[in-house]
Amino acid sequence: MIKKGDEITADISDLNSEGKGVSRLPDGFVIFSENTVPGDKALLKIKRKKSNYAEAALVKIESPSQDRVNPRCIHFGICGGCKMQNLDYGRQIRYKSDVVKDAMERIGGFKNIFIPDAVKSDNIYYYRNKMEFSFSDDEWKESVTEVKDEDNFALGLHVPKFHSKIVDLKECHLQSEITSEILNFTRAFFKERKVTAYSSFKQSGFLRFLIFRKTSATNELLVNLITYDYNEPLIKEYTKAVTHKFPQITDLINSTSAKLSRVAAGEKEYVLFGKGYVTEIIRSRTGREYKFLISPQSFFQTNTLQAEKLFDIVIETGDFRESDKALDLYCGTGAITLLLSGKAGFVKGVELSEESISDAIKNAKFNNVKNAEFICSDIKKYLENPENHEGFNKLVLDPPRSGLHPEVSEKISETKFEKIVYVSCNPHTQARDLQIICSKGNYKISRLQPVDMFPHTYHVENVVLLDCIE
Ligand SMILES: C[S@@+](CC[C@H](N)C(=O)[O-])C[C@H]1O[C@@H](n2cnc3c(N)ncnc32)[C@H](O)[C@@H]1O
């Protein structure tokens, strides 16, 4: 019988939905391990034991998988940013389709459905247009006995499972080299001046987050420093220093937030340099380009080039035509709504965030789109009034990771849209919602297409087409 502390050699046969290696022992007992890949034979140390599974740490690889590759990042294995850098990209793609298949079968109860490989991202490094780094007074250290810096100051990403602990990142390959340079410069600037990181535990400190928005088509770079409050002389000194050192910065904002919660959003914004937002371009397969104004707190798909592929798939899947009236629920800054407006006769986007809706309205004007309308509302409330969806024959859904509210899924299950395109960044909640939507017999799944928006992470985007059964 395995117990905590035991070391065991095991074959890794699979990855679970969180990207952990899976080993099945002959008696059916399952071990999940970090930093292992399918095909490895590894020595594992049991860290936690439950009745039918255990969690283990990797001690050593005894014989490596053929799909194992060298991770590029020096922080790999500790940082929670991109945990699958050690797995061949082609294998990552197959894994992502398997995650969707498993969710659809196990959670949704949909058997025998064909799931193609996830659509690959052309860039597997430096693909993110947005990065959020945290300041912390609780730096992650290699060993617990390691002596802490006297000021214990870190700027970087979280260590999985230790949410207050931050890896003091010297490099990050997710956005751009300049992002890492500004990160290091900012850390040095504030450390030199002995400025403290905010701690929600101690309820004191100043620096909270450093957020970057870097566009791919327009090459704009917005830096948003989130602090507890506004310290004008210090922030003006930082603005002068960082914009002088990095002329590539087009916009610099200081947002302030005195909230206890660790959410990288400000309550007040001070635009210190530039216009205070970025502009990104999305090219549609129809040949048309759409420009998007993106405010610091608005949602915008994080991998721009892959978002173009995702949106093309949405448009193609829904077979949108001039005769269509389409409803785009959870529309964010209106990316899908505006692209749909080039195909459908009329499109309405609905979204909860006022800032996103205000950006969506600006974006429609900016692109001279006349056949789109935007409403700021909670979707559950919006669907309570049947008049709000009367006359629409196609529906697009793109909710956050938590998926649809059960009442929203129930409401949709009673409707009869000709086609529903459900885009999701979480196949588990998507499968749960689809099961409810299809439960009244009004809809059937006709197509699924996973898309890889986030190489080296276990996240997968999935587009599902539902056709109405007449
Ligand atoms: C995945 S994003 C979709 C963005 C958009 N479709 C795009 O591709 O740019 C999900 C959006 O749902 C919005 N949202 C979250 N909860 C909501 C709710 N209860 N009602 C309406 N919108 C909500 C968020 O503000 C966010 O913009």
# chains A, B, ... in the order shown; residues from 1 in each chain; ligands from 1

call {"tool": "residues_near_ligand", "arguments": {"ligand": "ligand 1", "cutoff": "8 Å", "atoms": "only C-alpha atoms and all ligand atoms", "output": "PyMOL selection string"}}
result
chain A and resi 298-301+307+311+328-337+350-353+356+376-380+397-401+405+424-425

call {"tool": "select_by_dssp", "arguments": {"residues": "stretch 14-121 of chain A", "states": "alpha helix (DSSP H)", "output": "list of chain:residue names"}}
result
A:Tyr89, A:Gly90, A:Arg91, A:Gln92, A:Ile93, A:Arg94, A:Tyr95, A:Lys96, A:Ser97, A:Asp98, A:Val99, A:Val100, A:Lys101, A:Asp102, A:Ala103, A:Met104, A:Glu105, A:Arg106

call {"tool": "select_by_dssp", "arguments": {"residues": "stretch 27-272 of chain A", "states": "strand (DSSP E)", "output": "ChimeraX atom specification"}}
result
/A:30-33,41-49,53-63,130-136,154-159,162-168,207-214,221-227,251-256,268-272

call {"tool": "write_last_selection", "arguments": {"atoms": "C-alpha atoms", "output": "CSV table (one decimal), in the first residue's frame"}}
result
chain,number,residue,atom,x,y,z
A,30,VAL,CA,-3.7,6.6,-10.1
A,31,ILE,CA,-0.7,8.9,-9.4
A,32,PHE,CA,-0.6,12.5,-10.7
A,33,SER,CA,2.8,14.2,-11.0
A,41,LYS,CA,9.5,6.6,-16.8
A,42,ALA,CA,10.0,8.6,-13.6
A,43,LEU,CA,11.0,8.3,-10.0
A,44,LEU,CA,8.1,10.0,-8.0
A,45,LYS,CA,7.8,10.9,-4.4
A,46,ILE,CA,4.3,10.7,-2.9
A,47,LYS,CA,3.2,14.0,-1.4
A,48,ARG,CA,-0.5,13.5,-0.8
A,49,LYS,CA,-2.5,10.2,-0.7
A,53,TYR,CA,-5.2,8.5,-6.1
A,54,ALA,CA,-2.1,10.3,-5.0
A,55,GLU,CA,-0.2,13.5,-5.9
A,56,ALA,CA,3.5,13.1,-6.3
A,57,ALA,CA,6.6,15.2,-7.0
A,58,LEU,CA,9.1,14.3,-9.6
A,59,VAL,CA,12.4,13.1,-8.1
A,60,LYS,CA,14.1,12.1,-11.4
A,61,ILE,CA,13.4,11.1,-14.9
A,62,GLU,CA,14.7,7.5,-15.4
A,63,SER,CA,14.0,7.3,-19.1
A,130,LYS,CA,-1.6,41.1,-22.3
A,131,MET,CA,0.5,40.1,-19.3
A,132,GLU,CA,-0.3,40.7,-15.6
A,133,PHE,CA,2.6,40.6,-13.2
A,134,SER,CA,2.2,40.9,-9.4
A,135,PHE,CA,4.3,42.6,-6.8
A,136,SER,CA,4.7,40.7,-3.5
A,154,ALA,CA,9.3,40.1,-5.8
A,155,LEU,CA,7.7,41.0,-9.2
A,156,GLY,CA,6.5,38.2,-11.4
A,157,LEU,CA,4.0,35.4,-11.6
A,158,HIS,CA,2.3,33.1,-9.1
A,159,VAL,CA,3.6,29.8,-8.0
A,162,PHE,CA,0.9,29.1,-3.3
A,163,HIS,CA,-1.2,32.1,-4.3
A,164,SER,CA,0.6,34.7,-2.2
A,165,LYS,CA,4.0,33.5,-3.4
A,166,ILE,CA,5.5,35.2,-6.4
A,167,VAL,CA,8.4,34.0,-8.6
A,168,ASP,CA,10.7,37.0,-9.0
A,207,LEU,CA,2.9,48.4,-5.4
A,208,ARG,CA,0.3,45.9,-6.6
A,209,PHE,CA,0.5,44.9,-10.3
A,210,LEU,CA,2.3,45.7,-13.5
A,211,ILE,CA,0.2,45.1,-16.6
A,212,PHE,CA,1.4,45.2,-20.2
A,213,ARG,CA,-0.8,45.4,-23.3
A,214,LYS,CA,1.3,45.0,-26.5
A,221,LEU,CA,2.9,49.1,-25.8
A,222,LEU,CA,0.8,50.2,-22.8
A,223,VAL,CA,2.2,49.9,-19.3
A,224,ASN,CA,-0.3,50.0,-16.4
A,225,LEU,CA,1.2,50.2,-12.9
A,226,ILE,CA,-1.4,49.4,-10.3
A,227,THR,CA,-0.6,50.9,-6.8
A,251,ASP,CA,1.1,54.7,-23.1
A,252,LEU,CA,1.7,54.7,-19.4
A,253,ILE,CA,-1.1,54.6,-16.8
A,254,ASN,CA,-1.1,54.5,-13.0
A,255,SER,CA,-4.2,52.9,-11.7
A,256,THR,CA,-5.0,52.9,-8.0
A,268,LYS,CA,-9.0,55.2,-10.5
A,269,GLU,CA,-6.8,55.8,-13.5
A,270,TYR,CA,-4.1,58.5,-14.1
A,271,VAL,CA,-2.9,58.6,-17.7
A,272,LEU,CA,0.7,59.8,-17.4

call {"tool": "residues_around", "arguments": {"residues": "A:Leu404", "least_positions_apart": "4", "cutoff": "8 Å", "atoms": "only C-alpha atoms", "output": "number ranges by chain"}}
result
A: 399, 408-409, 429-430, 433

call {"tool": "closest_residue", "arguments": {"among": "A:Gln297, A:Ser358, A:Asn462, A:Asn426", "to": "A:Ser402", "atoms": "only C-alpha atoms"}}
result
A:Asn426

call {"tool": "closest_residue", "arguments": {"among": "A:Asp88, A:Asp359, A:Asp467, A:Glu354", "to": "A:Lys291", "atoms": "only C-alpha atoms"}}
result
A:Asp359

call {"tool": "residues_around", "arguments": {"residues": "A:Arg72", "least_positions_apart": "2", "cutoff": "12 Å", "atoms": "only C-alpha atoms", "output": "list in words"}}
result
Val69, Asn70, Ile74, His75, Phe76, Gly77, Cys82, Lys83, Met84, Gln85, Asn86, Leu87, Ile124, Tyr125, Tyr126, Glu171, Cys172, His173, Leu174 and His456 of chain A

call {"tool": "write_last_selection", "arguments": {"atoms": "N, CA and C atoms", "output": "CSV table (one decimal), in the first residue's frame"}}
result
chain,number,residue,atom,x,y,z
A,69,VAL,N,10.8,17.8,-24.6
A,69,VAL,CA,11.7,18.8,-25.2
A,69,VAL,C,12.2,19.7,-24.1
A,70,ASN,N,13.3,20.5,-24.5
A,70,ASN,CA,13.9,21.3,-23.5
A,70,ASN,C,13.1,22.6,-23.3
A,74,ILE,N,14.1,29.9,-17.9
A,74,ILE,CA,14.9,29.5,-16.7
A,74,ILE,C,13.9,29.2,-15.5
A,75,HIS,N,12.7,29.8,-15.6
A,75,HIS,CA,11.8,29.6,-14.4
A,75,HIS,C,10.9,28.4,-14.6
A,76,PHE,N,11.1,27.6,-15.7
A,76,PHE,CA,10.2,26.5,-15.9
A,76,PHE,C,10.2,25.5,-14.7
A,77,GLY,N,9.1,25.0,-14.4
A,77,GLY,CA,9.0,24.0,-13.3
A,77,GLY,C,8.6,24.7,-12.0
A,82,CYS,N,3.6,28.9,-17.8
A,82,CYS,CA,3.4,28.0,-18.9
A,82,CYS,C,4.0,26.6,-18.6
A,83,LYS,N,3.2,25.7,-18.1
A,83,LYS,CA,3.7,24.5,-17.5
A,83,LYS,C,4.0,23.4,-18.4
A,84,MET,N,3.7,23.6,-19.8
A,84,MET,CA,3.9,22.4,-20.7
A,84,MET,C,5.0,22.7,-21.7
A,85,GLN,N,5.9,23.6,-21.3
A,85,GLN,CA,7.0,23.9,-22.2
A,85,GLN,C,7.9,22.7,-22.5
A,86,ASN,N,7.8,21.7,-21.6
A,86,ASN,CA,8.7,20.5,-21.8
A,86,ASN,C,8.1,19.4,-22.7
A,87,LEU,N,6.9,19.8,-23.3
A,87,LEU,CA,6.2,18.8,-24.1
A,87,LEU,C,6.2,19.3,-25.6
A,124,ILE,N,4.5,30.0,-30.9
A,124,ILE,CA,4.3,29.3,-29.6
A,124,ILE,C,5.0,30.0,-28.4
A,125,TYR,N,5.8,31.0,-28.7
A,125,TYR,CA,6.3,31.9,-27.7
A,125,TYR,C,5.9,33.3,-28.1
A,126,TYR,N,6.0,34.3,-27.2
A,126,TYR,CA,5.7,35.7,-27.5
A,126,TYR,C,4.4,35.9,-28.2
A,171,GLU,N,13.0,36.6,-16.6
A,171,GLU,CA,12.6,36.5,-18.0
A,171,GLU,C,11.2,35.8,-18.1
A,172,CYS,N,10.5,36.2,-19.2
A,172,CYS,CA,9.3,35.6,-19.5
A,172,CYS,C,9.1,35.6,-21.0
A,173,HIS,N,8.8,34.4,-21.6
A,173,HIS,CA,8.7,34.3,-23.0
A,173,HIS,C,7.3,34.4,-23.6
A,174,LEU,N,6.4,34.9,-22.8
A,174,LEU,CA,5.0,34.9,-23.2
A,174,LEU,C,4.6,36.1,-24.0
A,456,HIS,N,1.7,25.9,-24.5
A,456,HIS,CA,2.5,25.6,-23.3
A,456,HIS,C,1.6,25.7,-22.0

call {"tool": "decode", "arguments": {"residues": "stretch 397-454 of chain A", "atoms": "C-alpha atoms", "output": "PDB file, in the first residue's frame"}}
result
ATOM      1  CA  LEU A 397     -22.164  32.601 -26.724  1.00  0.00           C
ATOM      2  CA  ASP A 398     -18.688  33.344 -25.360  1.00  0.00           C
ATOM      3  CA  PRO A 399     -18.940  33.337 -21.550  1.00  0.00           C
ATOM      4  CA  PRO A 400     -16.052  33.521 -19.053  1.00  0.00           C
ATOM      5  CA  ARG A 401     -14.392  30.327 -17.696  1.00  0.00           C
ATOM      6  CA  SER A 402     -17.215  29.742 -15.212  1.00  0.00           C
ATOM      7  CA  GLY A 403     -19.584  29.190 -18.165  1.00  0.00           C
ATOM      8  CA  LEU A 404     -23.291  29.974 -18.281  1.00  0.00           C
ATOM      9  CA  HIS A 405     -25.496  30.515 -15.254  1.00  0.00           C
ATOM     10  CA  PRO A 406     -27.746  27.383 -15.039  1.00  0.00           C
ATOM     11  CA  GLU A 407     -30.819  29.584 -15.592  1.00  0.00           C
ATOM     12  CA  VAL A 408     -29.236  30.942 -18.774  1.00  0.00           C
ATOM     13  CA  SER A 409     -28.652  27.399 -20.079  1.00  0.00           C
ATOM     14  CA  GLU A 410     -32.258  26.477 -19.137  1.00  0.00           C
ATOM     15  CA  LYS A 411     -33.650  29.532 -20.953  1.00  0.00           C
ATOM     16  CA  ILE A 412     -31.601  28.762 -24.074  1.00  0.00           C
ATOM     17  CA  SER A 413     -32.715  25.109 -24.027  1.00  0.00           C
ATOM     18  CA  GLU A 414     -36.297  26.350 -24.542  1.00  0.00           C
ATOM     19  CA  THR A 415     -35.447  28.571 -27.540  1.00  0.00           C
ATOM     20  CA  LYS A 416     -35.293  27.653 -31.212  1.00  0.00           C
ATOM     21  CA  PHE A 417     -32.419  29.570 -32.766  1.00  0.00           C
ATOM     22  CA  GLU A 418     -31.496  28.141 -36.162  1.00  0.00           C
ATOM     23  CA  LYS A 419     -27.852  27.867 -35.032  1.00  0.00           C
ATOM     24  CA  ILE A 420     -25.968  28.474 -31.805  1.00  0.00           C
ATOM     25  CA  VAL A 421     -22.181  28.896 -31.809  1.00  0.00           C
ATOM     26  CA  TYR A 422     -20.837  28.373 -28.291  1.00  0.00           C
ATOM     27  CA  VAL A 423     -17.217  29.536 -27.816  1.00  0.00           C
ATOM     28  CA  SER A 424     -15.588  28.614 -24.516  1.00  0.00           C
ATOM     29  CA  CYS A 425     -12.203  28.706 -22.824  1.00  0.00           C
ATOM     30  CA  ASN A 426     -13.290  25.943 -20.439  1.00  0.00           C
ATOM     31  CA  PRO A 427     -14.506  22.670 -22.007  1.00  0.00           C
ATOM     32  CA  HIS A 428     -15.668  21.410 -18.593  1.00  0.00           C
ATOM     33  CA  THR A 429     -18.219  24.159 -17.964  1.00  0.00           C
ATOM     34  CA  GLN A 430     -19.054  24.155 -21.675  1.00  0.00           C
ATOM     35  CA  ALA A 431     -19.885  20.425 -21.621  1.00  0.00           C
ATOM     36  CA  ARG A 432     -22.045  20.962 -18.514  1.00  0.00           C
ATOM     37  CA  ASP A 433     -23.937  23.833 -20.216  1.00  0.00           C
ATOM     38  CA  LEU A 434     -24.359  21.951 -23.510  1.00  0.00           C
ATOM     39  CA  GLN A 435     -25.893  19.040 -21.657  1.00  0.00           C
ATOM     40  CA  ILE A 436     -28.599  21.392 -20.273  1.00  0.00           C
ATOM     41  CA  ILE A 437     -29.080  23.249 -23.574  1.00  0.00           C
ATOM     42  CA  CYS A 438     -29.628  19.962 -25.458  1.00  0.00           C
ATOM     43  CA  SER A 439     -31.791  18.404 -22.707  1.00  0.00           C
ATOM     44  CA  LYS A 440     -35.170  19.577 -24.113  1.00  0.00           C
ATOM     45  CA  GLY A 441     -34.449  18.037 -27.507  1.00  0.00           C
ATOM     46  CA  ASN A 442     -34.369  21.379 -29.342  1.00  0.00           C
ATOM     47  CA  TYR A 443     -30.669  21.256 -30.246  1.00  0.00           C
ATOM     48  CA  LYS A 444     -27.986  18.794 -31.316  1.00  0.00           C
ATOM     49  CA  ILE A 445     -24.210  19.185 -31.559  1.00  0.00           C
ATOM     50  CA  SER A 446     -23.147  19.298 -35.211  1.00  0.00           C
ATOM     51  CA  ARG A 447     -19.502  20.315 -34.971  1.00  0.00           C
ATOM     52  CA  LEU A 448     -16.685  20.882 -32.473  1.00  0.00           C
ATOM     53  CA  GLN A 449     -13.369  22.597 -33.115  1.00  0.00           C
ATOM     54  CA  PRO A 450     -10.772  23.092 -30.371  1.00  0.00           C
ATOM     55  CA  VAL A 451      -8.366  26.007 -30.898  1.00  0.00           C
ATOM     56  CA  ASP A 452      -5.061  26.494 -29.085  1.00  0.00           C
ATOM     57  CA  MET A 453      -4.998  30.098 -27.885  1.00  0.00           C
ATOM     58  CA  PHE A 454      -2.368  29.459 -25.178  1.00  0.00           C
TER      59      PHE A 454
END
